[in-house]
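**Student:** Just one file: start_33.cif, with mmCIF, C-alpha atoms and all ligand atoms.
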data_model
#
loop_
_atom_site.group_PDB
_atom_site.id
_atom_site.type_symbol
_atom_site.label_atom_id
_atom_site.label_comp_id
_atom_site.auth_asym_id
_atom_site.auth_seq_id
_atom_site.Cartn_x
_atom_site.Cartn_y
_atom_site.Cartn_z
ATOM 1 C CA ASN A 1 0.000 0.000 0.000
ATOM 2 C CA ARG A 2 3.012 2.289 -0.307
ATOM 3 C CA LEU A 3 2.885 5.295 -2.611
ATOM 4 C CA SER A 4 5.285 4.994 -5.534
ATOM 5 C CA ILE A 5 8.395 7.152 -5.192
ATOM 6 C CA SER A 6 7.251 8.914 -8.367
ATOM 7 C CA ASP A 7 3.960 10.011 -6.830
ATOM 8 C CA PRO A 8 4.307 13.821 -6.705
ATOM 9 C CA ILE A 9 3.270 13.824 -3.027
ATOM 10 C CA ARG A 10 5.911 11.272 -2.127
ATOM 11 C CA THR A 11 8.607 12.906 -4.314
ATOM 12 C CA ASN A 12 8.003 16.261 -2.613
ATOM 13 C CA ASP A 13 8.050 14.581 0.818
ATOM 14 C CA ILE A 14 11.402 12.968 0.048
ATOM 15 C CA LEU A 15 12.876 16.225 -1.251
ATOM 16 C CA ARG A 16 11.694 18.033 1.894
ATOM 17 C CA LYS A 17 12.752 15.326 4.319
ATOM 18 C CA TYR A 18 16.320 15.321 2.996
ATOM 19 C CA LYS A 19 16.410 19.067 2.286
ATOM 20 C CA LEU A 20 17.288 18.305 -1.320
ATOM 21 C CA ARG A 21 17.358 20.890 -4.052
ATOM 22 C CA ALA A 22 17.518 19.426 -7.553
ATOM 23 C CA LYS A 23 20.963 20.185 -8.963
ATOM 24 C CA LYS A 24 20.660 21.679 -12.426
ATOM 25 C CA SER A 25 24.337 21.100 -13.116
ATOM 26 C CA LEU A 26 23.756 17.348 -12.762
ATOM 27 C CA GLY A 27 20.616 17.336 -14.893
ATOM 28 C CA GLN A 28 18.384 16.439 -11.969
ATOM 29 C CA ASN A 29 14.756 16.325 -13.081
ATOM 30 C CA PHE A 30 12.851 13.691 -11.178
ATOM 31 C CA LEU A 31 10.121 11.733 -12.944
ATOM 32 C CA THR A 32 6.733 11.997 -11.291
ATOM 33 C CA SER A 33 4.576 10.175 -13.811
ATOM 34 C CA GLU A 34 3.597 6.599 -13.080
ATOM 35 C CA LYS A 35 2.353 6.317 -16.643
ATOM 36 C CA VAL A 36 5.697 7.293 -18.158
ATOM 37 C CA LEU A 37 7.565 4.973 -15.792
ATOM 38 C CA ASN A 38 5.352 2.085 -16.863
ATOM 39 C CA GLU A 39 5.988 2.944 -20.510
ATOM 40 C CA ILE A 40 9.750 2.862 -19.903
ATOM 41 C CA VAL A 41 9.590 -0.488 -18.122
ATOM 42 C CA ASP A 42 7.289 -1.969 -20.797
ATOM 43 C CA ALA A 43 9.611 -0.739 -23.553
ATOM 44 C CA SER A 44 12.556 -2.484 -21.866
ATOM 45 C CA LYS A 45 10.735 -5.851 -21.929
ATOM 46 C CA LEU A 46 12.848 -6.770 -18.900
ATOM 47 C CA LYS A 47 12.336 -10.326 -17.647
ATOM 48 C CA SER A 48 12.870 -11.840 -14.232
ATOM 49 C CA ASP A 49 16.170 -13.465 -15.273
ATOM 50 C CA GLU A 50 17.591 -10.287 -16.810
ATOM 51 C CA ILE A 51 19.813 -7.551 -15.416
ATOM 52 C CA ALA A 52 19.082 -3.823 -15.481
ATOM 53 C CA ILE A 53 21.772 -1.191 -15.303
ATOM 54 C CA GLU A 54 20.437 2.219 -14.391
ATOM 55 C CA ILE A 55 22.295 5.484 -14.841
ATOM 56 C CA GLY A 56 21.357 8.271 -12.445
ATOM 57 C CA PRO A 57 18.734 6.743 -10.122
ATOM 58 C CA GLY A 58 18.050 10.107 -8.472
ATOM 59 C CA ILE A 59 15.676 9.369 -5.594
ATOM 60 C CA GLY A 60 14.774 5.929 -6.981
ATOM 61 C CA ALA A 61 11.537 6.414 -8.945
ATOM 62 C CA LEU A 62 12.615 4.278 -11.901
ATOM 63 C CA THR A 63 14.867 2.018 -9.829
ATOM 64 C CA GLU A 64 11.983 0.588 -7.819
ATOM 65 C CA LYS A 65 10.010 -0.188 -10.975
ATOM 66 C CA LEU A 66 13.008 -1.954 -12.495
ATOM 67 C CA ALA A 67 13.548 -3.956 -9.292
ATOM 68 C CA GLU A 68 9.992 -5.234 -9.571
ATOM 69 C CA VAL A 69 10.609 -6.860 -12.960
ATOM 70 C CA ALA A 70 14.349 -7.607 -13.251
ATOM 71 C CA GLU A 71 16.497 -10.148 -11.442
ATOM 72 C CA LYS A 72 18.863 -7.442 -10.292
ATOM 73 C CA VAL A 73 19.380 -3.709 -10.707
ATOM 74 C CA TYR A 74 22.781 -2.021 -10.621
ATOM 75 C CA ALA A 75 22.470 1.760 -10.394
ATOM 76 C CA PHE A 76 25.207 4.400 -10.768
ATOM 77 C CA GLU A 77 24.595 7.785 -9.164
ATOM 78 C CA ILE A 78 27.208 10.554 -9.178
ATOM 79 C CA ASP A 79 25.586 12.685 -6.452
ATOM 80 C CA GLN A 80 26.828 11.521 -3.065
ATOM 81 C CA SER A 81 24.038 13.299 -1.228
ATOM 82 C CA LEU A 82 21.492 10.993 -2.904
ATOM 83 C CA ILE A 83 23.106 7.781 -1.652
ATOM 84 C CA PRO A 84 21.547 7.809 1.857
ATOM 85 C CA VAL A 85 18.248 8.860 0.281
ATOM 86 C CA LEU A 86 18.298 5.849 -2.038
ATOM 87 C CA GLU A 87 19.194 3.555 0.867
ATOM 88 C CA ASP A 88 16.034 4.743 2.552
ATOM 89 C CA THR A 89 13.615 4.887 -0.409
ATOM 90 C CA LEU A 90 14.737 1.521 -1.828
ATOM 91 C CA SER A 91 15.173 -0.329 1.500
ATOM 92 C CA TYR A 92 12.177 -2.531 0.685
ATOM 93 C CA TYR A 93 14.058 -4.202 -2.215
ATOM 94 C CA ASP A 94 16.867 -6.720 -1.863
ATOM 95 C CA ASN A 95 17.849 -6.871 -5.529
ATOM 96 C CA ILE A 96 19.275 -3.372 -5.989
ATOM 97 C CA GLU A 97 22.884 -2.249 -5.651
ATOM 98 C CA VAL A 98 23.707 1.444 -5.837
ATOM 99 C CA PHE A 99 27.192 2.724 -6.647
ATOM 100 C CA ASN A 100 28.292 6.287 -6.013
ATOM 101 C CA GLU A 101 30.104 6.714 -9.336
ATOM 102 C CA ASP A 102 30.357 8.975 -12.356
ATOM 103 C CA ILE A 103 29.099 6.732 -15.155
ATOM 104 C CA LEU A 104 31.560 8.306 -17.589
ATOM 105 C CA LYS A 105 34.397 6.947 -15.440
ATOM 106 C CA VAL A 106 32.988 3.452 -15.012
ATOM 107 C CA ASN A 107 34.307 0.778 -17.329
ATOM 108 C CA LEU A 108 31.147 -1.275 -17.788
ATOM 109 C CA ASP A 109 33.006 -4.090 -19.561
ATOM 110 C CA ASP A 110 35.137 -4.589 -16.437
ATOM 111 C CA PHE A 111 32.054 -4.188 -14.259
ATOM 112 C CA VAL A 112 30.272 -6.984 -16.122
ATOM 113 C CA LYS A 113 33.289 -9.281 -15.637
ATOM 114 C CA GLU A 114 33.794 -8.410 -11.984
ATOM 115 C CA HIS A 115 30.157 -9.184 -11.255
ATOM 116 C CA HIS A 116 30.193 -12.406 -13.316
ATOM 117 C CA LEU A 117 27.430 -11.210 -15.582
ATOM 118 C CA GLU A 118 28.890 -12.452 -18.880
ATOM 119 C CA GLY A 119 26.278 -14.329 -20.837
ATOM 120 C CA LYS A 120 23.450 -12.535 -19.057
ATOM 121 C CA THR A 121 20.962 -10.361 -20.885
ATOM 122 C CA ILE A 122 21.774 -6.877 -19.645
ATOM 123 C CA LYS A 123 19.662 -3.863 -20.508
ATOM 124 C CA VAL A 124 20.476 -0.270 -19.697
ATOM 125 C CA VAL A 125 17.454 1.739 -18.653
ATOM 126 C CA ALA A 126 17.766 5.366 -17.648
ATOM 127 C CA ASN A 127 16.277 8.788 -17.440
ATOM 128 C CA LEU A 128 19.557 10.324 -18.545
ATOM 129 C CA PRO A 129 21.185 13.514 -17.351
ATOM 130 C CA TYR A 130 20.732 15.449 -20.612
ATOM 131 C CA TYR A 131 24.062 17.264 -20.519
ATOM 132 C CA ILE A 132 25.902 13.985 -21.215
ATOM 133 C CA THR A 133 23.359 12.012 -23.265
ATOM 134 C CA THR A 134 25.543 11.604 -26.338
ATOM 135 C CA PRO A 135 28.792 10.440 -24.693
ATOM 136 C CA ILE A 136 26.883 8.003 -22.471
ATOM 137 C CA MET A 137 24.876 6.613 -25.383
ATOM 138 C CA LEU A 138 27.870 6.221 -27.688
ATOM 139 C CA SER A 139 29.980 4.525 -25.053
ATOM 140 C CA LEU A 140 27.142 2.059 -24.347
ATOM 141 C CA ILE A 141 26.731 1.303 -28.038
ATOM 142 C CA ASN A 142 30.425 0.828 -28.660
ATOM 143 C CA SER A 143 31.315 -1.004 -25.465
ATOM 144 C CA ASP A 144 32.765 -4.497 -25.754
ATOM 145 C CA TYR A 145 29.804 -5.927 -23.875
ATOM 146 C CA PRO A 146 26.840 -6.079 -26.250
ATOM 147 C CA PHE A 147 24.077 -4.594 -24.124
ATOM 148 C CA GLN A 148 20.949 -6.023 -25.730
ATOM 149 C CA ALA A 149 18.806 -2.969 -25.312
ATOM 150 C CA LEU A 150 19.101 0.619 -24.196
ATOM 151 C CA VAL A 151 15.929 2.349 -23.089
ATOM 152 C CA LEU A 152 16.859 5.955 -22.601
ATOM 153 C CA MET A 153 14.892 9.064 -21.788
ATOM 154 C CA MET A 154 16.559 11.982 -23.499
ATOM 155 C CA GLN A 155 15.879 15.381 -24.975
ATOM 156 C CA LYS A 156 13.247 15.009 -27.707
ATOM 157 C CA GLU A 157 15.501 16.536 -30.381
ATOM 158 C CA VAL A 158 18.257 14.007 -29.719
ATOM 159 C CA ALA A 159 15.767 11.133 -29.906
ATOM 160 C CA GLU A 160 14.586 12.509 -33.253
ATOM 161 C CA ARG A 161 18.141 12.642 -34.538
ATOM 162 C CA ILE A 162 18.998 9.057 -33.624
ATOM 163 C CA THR A 163 15.776 7.675 -35.121
ATOM 164 C CA ALA A 164 15.794 9.795 -38.302
ATOM 165 C CA ASN A 165 15.552 8.398 -41.820
ATOM 166 C CA PRO A 166 17.661 9.585 -44.775
ATOM 167 C CA GLY A 167 16.244 12.694 -46.412
ATOM 168 C CA HIS A 168 15.303 14.301 -43.110
ATOM 169 C CA ARG A 169 16.960 17.322 -41.584
ATOM 170 C CA GLU A 170 17.729 15.431 -38.368
ATOM 171 C CA TYR A 171 19.620 12.666 -40.201
ATOM 172 C CA GLY A 172 23.355 13.009 -39.597
ATOM 173 C CA SER A 173 26.510 11.498 -38.161
ATOM 174 C CA LEU A 174 24.851 10.727 -34.801
ATOM 175 C CA THR A 175 22.018 8.893 -36.582
ATOM 176 C CA ILE A 176 24.548 6.782 -38.432
ATOM 177 C CA ALA A 177 26.705 6.108 -35.333
ATOM 178 C CA VAL A 178 23.616 4.699 -33.620
ATOM 179 C CA GLN A 179 21.835 2.973 -36.499
ATOM 180 C CA THR A 180 24.873 1.033 -37.723
ATOM 181 C CA GLN A 181 24.693 -0.903 -34.426
ATOM 182 C CA MET A 182 21.160 -0.560 -33.137
ATOM 183 C CA ASP A 183 17.568 -0.528 -34.257
ATOM 184 C CA ALA A 184 16.289 2.774 -32.851
ATOM 185 C CA LYS A 185 12.690 3.792 -32.167
ATOM 186 C CA ILE A 186 10.858 6.374 -30.107
ATOM 187 C CA ALA A 187 8.548 4.727 -27.549
ATOM 188 C CA CYS A 188 6.868 7.917 -26.373
ATOM 189 C CA ILE A 189 7.170 11.682 -26.115
ATOM 190 C CA VAL A 190 7.216 13.019 -22.575
ATOM 191 C CA GLY A 191 6.144 16.550 -21.669
ATOM 192 C CA LYS A 192 7.847 18.817 -19.162
ATOM 193 C CA GLU A 193 4.981 18.420 -16.685
ATOM 194 C CA SER A 194 6.072 14.837 -15.948
ATOM 195 C CA PHE A 195 9.082 16.021 -13.922
ATOM 196 C CA ILE A 196 9.928 17.884 -10.727
ATOM 197 C CA PRO A 197 11.467 20.355 -11.389
ATOM 198 C CA ARG A 198 10.267 20.842 -14.955
ATOM 199 C CA PRO A 199 13.036 20.770 -17.573
ATOM 200 C CA LYS A 200 13.216 23.462 -20.274
ATOM 201 C CA VAL A 201 12.784 20.984 -23.127
ATOM 202 C CA ASP A 202 10.464 18.147 -24.068
ATOM 203 C CA SER A 203 11.743 14.612 -23.734
ATOM 204 C CA ALA A 204 11.329 11.284 -25.445
ATOM 205 C CA VAL A 205 11.976 7.686 -24.532
ATOM 206 C CA ALA A 206 14.177 6.043 -27.151
ATOM 207 C CA VAL A 207 14.466 2.277 -27.450
ATOM 208 C CA LEU A 208 17.677 0.984 -28.987
ATOM 209 C CA GLU A 209 17.913 -2.739 -29.653
ATOM 210 C CA ARG A 210 21.101 -4.360 -30.851
ATOM 211 C CA LEU A 211 21.025 -5.469 -34.488
ATOM 212 C CA PRO A 212 21.849 -9.087 -35.297
ATOM 213 C CA LYS A 213 25.611 -9.650 -35.758
ATOM 214 C CA GLU A 214 25.396 -10.199 -39.509
ATOM 215 C CA LYS A 215 23.888 -6.741 -39.959
ATOM 216 C CA ILE A 216 26.790 -5.047 -38.180
ATOM 217 C CA ASP A 217 29.200 -5.485 -41.052
ATOM 218 C CA ILE A 218 31.469 -2.497 -41.428
ATOM 219 C CA GLU A 219 34.795 -3.645 -42.864
ATOM 220 C CA ASP A 220 37.036 -0.884 -41.549
ATOM 221 C CA PRO A 221 35.263 1.087 -38.807
ATOM 222 C CA GLU A 222 38.055 3.652 -38.613
ATOM 223 C CA PHE A 223 37.798 4.514 -42.309
ATOM 224 C CA PHE A 224 33.996 4.412 -42.136
ATOM 225 C CA ASN A 225 34.001 6.900 -39.262
ATOM 226 C CA LYS A 226 36.338 9.223 -41.119
ATOM 227 C CA LEU A 227 34.089 9.072 -44.169
ATOM 228 C CA ILE A 228 30.985 9.852 -42.110
ATOM 229 C CA ARG A 229 32.706 12.727 -40.342
ATOM 230 C CA SER A 230 33.719 14.286 -43.638
ATOM 231 C CA SER A 231 30.303 13.632 -45.207
ATOM 232 C CA PHE A 232 28.705 15.932 -42.620
ATOM 233 C CA ALA A 233 31.647 18.301 -42.085
ATOM 234 C CA GLN A 234 29.727 21.055 -43.842
ATOM 235 C CA LYS A 235 26.121 19.959 -43.816
ATOM 236 C CA ARG A 236 24.935 22.359 -46.486
ATOM 237 C CA LYS A 237 27.608 21.446 -48.999
ATOM 238 C CA SER A 238 27.314 18.519 -51.372
ATOM 239 C CA LEU A 239 28.864 15.206 -50.487
ATOM 240 C CA MET A 240 31.212 15.644 -53.462
ATOM 241 C CA ASN A 241 32.494 18.932 -52.045
ATOM 242 C CA ASN A 242 32.938 17.525 -48.573
ATOM 243 C CA PHE A 243 34.878 14.558 -49.977
ATOM 244 C CA LEU A 244 37.105 16.822 -52.060
ATOM 245 C CA ASN A 245 37.869 18.844 -48.930
ATOM 246 C CA TRP A 246 38.781 15.637 -47.187
ATOM 247 C CA LEU A 247 40.769 13.856 -49.891
ATOM 248 C CA GLY A 248 42.223 16.859 -51.741
ATOM 249 C CA ARG A 249 40.740 18.859 -54.585
ATOM 250 C CA THR A 250 42.427 17.117 -57.543
ATOM 251 C CA ASP A 251 40.951 16.060 -60.906
ATOM 252 C CA GLU A 252 41.896 12.498 -60.143
ATOM 253 C CA ASN A 253 39.986 12.488 -56.844
ATOM 254 C CA ARG A 254 36.984 14.094 -58.521
ATOM 255 C CA GLU A 255 36.923 11.304 -61.130
ATOM 256 C CA ILE A 256 37.265 8.578 -58.489
ATOM 257 C CA ILE A 257 34.440 10.038 -56.403
ATOM 258 C CA LYS A 258 32.215 10.365 -59.489
ATOM 259 C CA GLU A 259 32.719 6.708 -60.384
ATOM 260 C CA VAL A 260 32.169 5.496 -56.847
ATOM 261 C CA PHE A 261 28.977 7.584 -56.603
ATOM 262 C CA LYS A 262 27.753 5.983 -59.825
ATOM 263 C CA ASP A 263 28.392 2.489 -58.459
ATOM 264 C CA CYS A 264 26.517 3.349 -55.269
ATOM 265 C CA GLU A 265 23.660 5.052 -57.139
ATOM 266 C CA ILE A 266 24.331 8.371 -55.463
ATOM 267 C CA ALA A 267 23.599 11.554 -57.423
ATOM 268 C CA GLU A 268 26.618 13.811 -58.089
ATOM 269 C CA ASN A 269 24.990 16.706 -56.274
ATOM 270 C CA ALA A 270 23.684 14.626 -53.339
ATOM 271 C CA ARG A 271 24.130 15.864 -49.804
ATOM 272 C CA GLY A 272 25.163 13.711 -46.858
ATOM 273 C CA GLU A 273 21.673 13.587 -45.401
ATOM 274 C CA GLN A 274 20.282 11.916 -48.541
ATOM 275 C CA VAL A 275 22.485 8.835 -48.403
ATOM 276 C CA SER A 276 21.322 5.679 -46.623
ATOM 277 C CA ILE A 277 23.483 3.677 -44.230
ATOM 278 C CA GLU A 278 23.677 0.786 -46.715
ATOM 279 C CA GLN A 279 24.931 3.224 -49.354
ATOM 280 C CA TYR A 280 27.520 4.636 -46.931
ATOM 281 C CA LYS A 281 28.802 1.132 -46.243
ATOM 282 C CA LYS A 282 29.279 0.407 -49.946
ATOM 283 C CA LEU A 283 30.694 3.873 -50.508
ATOM 284 C CA ALA A 284 33.310 3.314 -47.806
ATOM 285 C CA THR A 285 34.392 -0.056 -49.200
ATOM 286 C CA ASP A 286 34.570 1.183 -52.812
ATOM 287 C CA LEU A 287 36.280 4.452 -52.016
ATOM 288 C CA GLN A 288 38.875 2.863 -49.762
ATOM 289 C CA GLN A 289 39.840 0.438 -52.545
ATOM 290 C CA ARG A 290 40.107 3.199 -55.145
ATOM 291 C CA ILE A 291 42.199 5.687 -53.183
ATOM 292 C CA LYS A 292 44.804 3.162 -52.000
HETATM 293 N N1 LIG B 1 16.229 8.396 -12.423
HETATM 294 C C1 LIG B 1 15.698 9.548 -11.721
HETATM 295 C C2 LIG B 1 14.299 9.816 -12.203
HETATM 296 O O1 LIG B 1 13.961 9.322 -13.286
HETATM 297 O O2 LIG B 1 13.556 10.512 -11.535
HETATM 298 C C3 LIG B 1 16.589 10.790 -11.914
HETATM 299 C C4 LIG B 1 16.882 11.181 -13.339
HETATM 300 S S1 LIG B 1 17.719 12.722 -13.509
HETATM 301 C C5 LIG B 1 17.170 13.213 -15.109
HETATM 302 C C6 LIG B 1 19.418 12.308 -13.862
HETATM 303 C C7 LIG B 1 20.197 11.685 -12.713
HETATM 304 O O3 LIG B 1 21.542 11.404 -13.168
HETATM 305 C C8 LIG B 1 20.368 12.567 -11.481
HETATM 306 O O4 LIG B 1 20.079 11.825 -10.329
HETATM 307 C C9 LIG B 1 21.859 12.969 -11.505
HETATM 308 O O5 LIG B 1 22.405 13.216 -10.217
HETATM 309 C C10 LIG B 1 22.483 11.755 -12.159
HETATM 310 N N2 LIG B 1 23.778 12.007 -12.847
HETATM 311 C C11 LIG B 1 24.182 13.141 -13.460
HETATM 312 N N3 LIG B 1 25.402 12.986 -13.991
HETATM 313 C C12 LIG B 1 25.782 11.695 -13.727
HETATM 314 C C13 LIG B 1 26.952 10.934 -14.007
HETATM 315 N N4 LIG B 1 27.975 11.456 -14.681
HETATM 316 N N5 LIG B 1 27.015 9.657 -13.567
HETATM 317 C C14 LIG B 1 25.977 9.112 -12.869
HETATM 318 N N6 LIG B 1 24.844 9.788 -12.574
HETATM 319 C C15 LIG B 1 24.735 11.063 -12.995
#
Any chance you could put this one into structure tokens?
Ligand code: SAM

**Tutor:**
Amino acid sequence: NRLSISDPIRTNDILRKYKLRAKKSLGQNFLTSEKVLNEIVDASKLKSDEIAIEIGPGIGALTEKLAEVAEKVYAFEIDQSLIPVLEDTLSYYDNIEVFNEDILKVNLDDFVKEHHLEGKTIKVVANLPYYITTPIMLSLINSDYPFQALVLMMQKEVAERITANPGHREYGSLTIAVQTQMDAKIACIVGKESFIPRPKVDSAVAVLERLPKEKIDIEDPEFFNKLIRSSFAQKRKSLMNNFLNWLGRTDENREIIKEVFKDCEIAENARGEQVSIEQYKKLATDLQQRIK
């Protein structure tokens, strides 16, 4: 018969009891919507033999919901003053471990080994601190441990970028960094009124699920990344121009690029945002062979 931590009455009680003021610098906006929390947990499809890693548990609103469905929850919170709060609010659960750590300094691959979690299905579920969404997301995607799913609340605009299709303004290097590894969808849009205090921007819950191995087939990731970076170096210029800036503005390079574009069915005046990931993969392979 307890009130959920996310109930606005209970959240305010906790904040008062511990004399907490949400720290803007740490992106502290506490979720107070049961509905949104349920949507996050549903989107994670967590099962009772699976592990949840949470980033930034705050006062525990999402943590308690995860503990109800997962075998175990490991949560990383940078703010030391929240640790005794979490001990109190989550005392009812015996399957939660909270670490007072900066997630950007935690090596999750080592963590997985140290806790003997290899072979387990591990999902990362978080209402992220927005000021470090991108570095956290990219390090999770590129970590050695293949986290099966990432369910991440983030700024709406970032969610739109990572789920964009070619031909859209939001489609860019971040889209490609994510979608070469993960299937990315938006589960729901979340308004400012779902948080205490209210953030300045709207949010969205993004669901990233790892693609099957055979679909993650980039031959030379280093070259691919260089190619993507130069493709979007100057977003309003054509791909041809961006490549010439990268490779050198010679007649020979222009001819090579033209031929490779033809093979990949890319128009000579195309811009980076019009090219699909499959086309970029072929482009990278072809171009690398030709410029050797
Ligand atoms: N999970 C809670 C909720 O949904 O109500 C709080 C989410 S709040 C948007 C982000 C949380 O991340 C805060 O508790 C903040 O202190 C924590 N945080 C910020 N930077 C962090 C970092 N580098 N490592 C770990 N936690 C961090």

**Student:** Identify, counting only C-alpha atoms and all ligand atoms, the protein, DNA and RNA residues located within 8 Å of ligand LIG 1 (chain B), and give them as a ChimeraX atom specification.

**Tutor:** /A:6,23,25-32,54-63,76-79,82,100-105,126-132,195

**Student:** Could you tell me which of A:Gln148, A:Gln274, A:Asn38, A:Ser33 comes closest to A:Leu208 if we count only C-alpha atoms?

**Tutor:** A:Gln148

**Student:** So which residues touch A:Ala267 within 9 Å, counting all atoms listed in the file, skipping near sequence neighbours fewer than 5 positions away, as an MDAnalysis selection string?

**Tutor:** chainID A and resid 258 261:262

**Student:** Could you check which of A:Ala164, A:Leu244, A:Leu90, A:Met154 is closest to A:Ala67, using only C-alpha atoms?

**Tutor:**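 With only C-alpha atoms as the atom set, the closest residue is A:Leu90.
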
**Student:** Quick one: residues within 9 Å of stretch 221-223 of chain A, all atoms listed in the file, excluding same-chain residues fewer than 2 positions away - as a list in words?

**Tutor:**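 Skipping anything fewer than 2 positions along the chain leaves Ile218, Glu219, Asn225, Lys226, Leu227, Ile228, Ala284, Thr285 and Gln288 of chain A.
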
**Student:** Do a neighbour search on A:Asp183 at 10 Å with only C-alpha atoms, toss out local chain neighbours closer than 6 positions, and write the hits as number ranges by chain.

**Tutor:** A: 149, 162-163, 207-212

**Student:** The residues within 10 Å of (14.5, 13.9, 1.2), using all atoms listed in the file and the coordinates of the file, should be reported as JSON, numbers by chain; which are they?

**Tutor:** {"A": [10, 11, 12, 13, 14, 15, 16, 17, 18, 19, 20, 21, 59, 81, 82, 84, 85, 86, 88, 89]}

**Student:** At a cut-off of 7 Å around the point (6.6, -5.0, -15.2) (file coordinates), what residues fall inside when counting only C-alpha atoms? I'd like the answer as a list in words.

**Tutor:**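 Within the cut-off we find Val41, Asp42, Glu68 and Val69 of chain A.
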
**Student:** Once you have the residues from the selection above, write them out as a PDB file, in the frame of the given file, restricted to C-alpha atoms.

**Tutor:**
ATOM      1  CA  VAL A  41       9.590  -0.488 -18.122  1.00  0.00           C
ATOM      2  CA  ASP A  42       7.289  -1.969 -20.797  1.00  0.00           C
ATOM      3  CA  GLU A  68       9.992  -5.234  -9.571  1.00  0.00           C
ATOM      4  CA  VAL A  69      10.609  -6.860 -12.960  1.00  0.00           C
TER       5      VAL A  69
END

**Student:** Where does the PyMOL selection byres (((chain A and resi 48) around 6) and not hetatm) land in this file, that is, which residues does it pick, as an MDAnalysis selection string?

**Tutor:** chainID A and resid 47 49:50 69:71

**Student:** I'd like the interatomic distance between atom CA of A:Tyr280 and atom CA of A:Lys235, to a tenth of an Å.

**Tutor:**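 Taking atom CA of A:Tyr280 and atom CA of A:Lys235, their separation equals 15.7 Å.
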
**Student:** Find, counting all atoms listed in the file, the residue in A:Gly272, A:Gly191, A:Pro135, A:Gly172 that gets nearest to A:Ala204.

**Tutor:** A:Gly191

**Student:** Expanded to explicit residues, what is the PyMOL selection byres (((chain A and resi 160) around 10) and not hetatm) for this file, as a short mmCIF file (atom, residue, chain, number, x, y, z; two decimals) with C-alpha atoms, in the coordinates of the input?

**Tutor:**
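Output file part27.cif follows:
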data_model
loop_
_atom_site.label_atom_id
_atom_site.label_comp_id
_atom_site.auth_asym_id
_atom_site.auth_seq_id
_atom_site.Cartn_x
_atom_site.Cartn_y
_atom_site.Cartn_z
CA MET A 154 16.56 11.98 -23.50
CA GLN A 155 15.88 15.38 -24.98
CA LYS A 156 13.25 15.01 -27.71
CA GLU A 157 15.50 16.54 -30.38
CA VAL A 158 18.26 14.01 -29.72
CA ALA A 159 15.77 11.13 -29.91
CA ARG A 161 18.14 12.64 -34.54
CA ILE A 162 19.00 9.06 -33.62
CA THR A 163 15.78 7.68 -35.12
CA ALA A 164 15.79 9.80 -38.30
CA ASN A 165 15.55 8.40 -41.82
CA ARG A 169 16.96 17.32 -41.58
CA GLU A 170 17.73 15.43 -38.37
CA TYR A 171 19.62 12.67 -40.20
CA THR A 175 22.02 8.89 -36.58
CA ALA A 184 16.29 2.77 -32.85
CA LYS A 185 12.69 3.79 -32.17
CA ILE A 186 10.86 6.37 -30.11
CA ALA A 204 11.33 11.28 -25.44
CA ALA A 206 14.18 6.04 -27.15
#

**Student:** Hey, which of A:Leu140, A:Met153, A:Leu3, A:Ile51 ends up closest to A:Cys188? Count all atoms listed in the file.

**Tutor:**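 Smallest distance to A:Cys188 is found for A:Met153.
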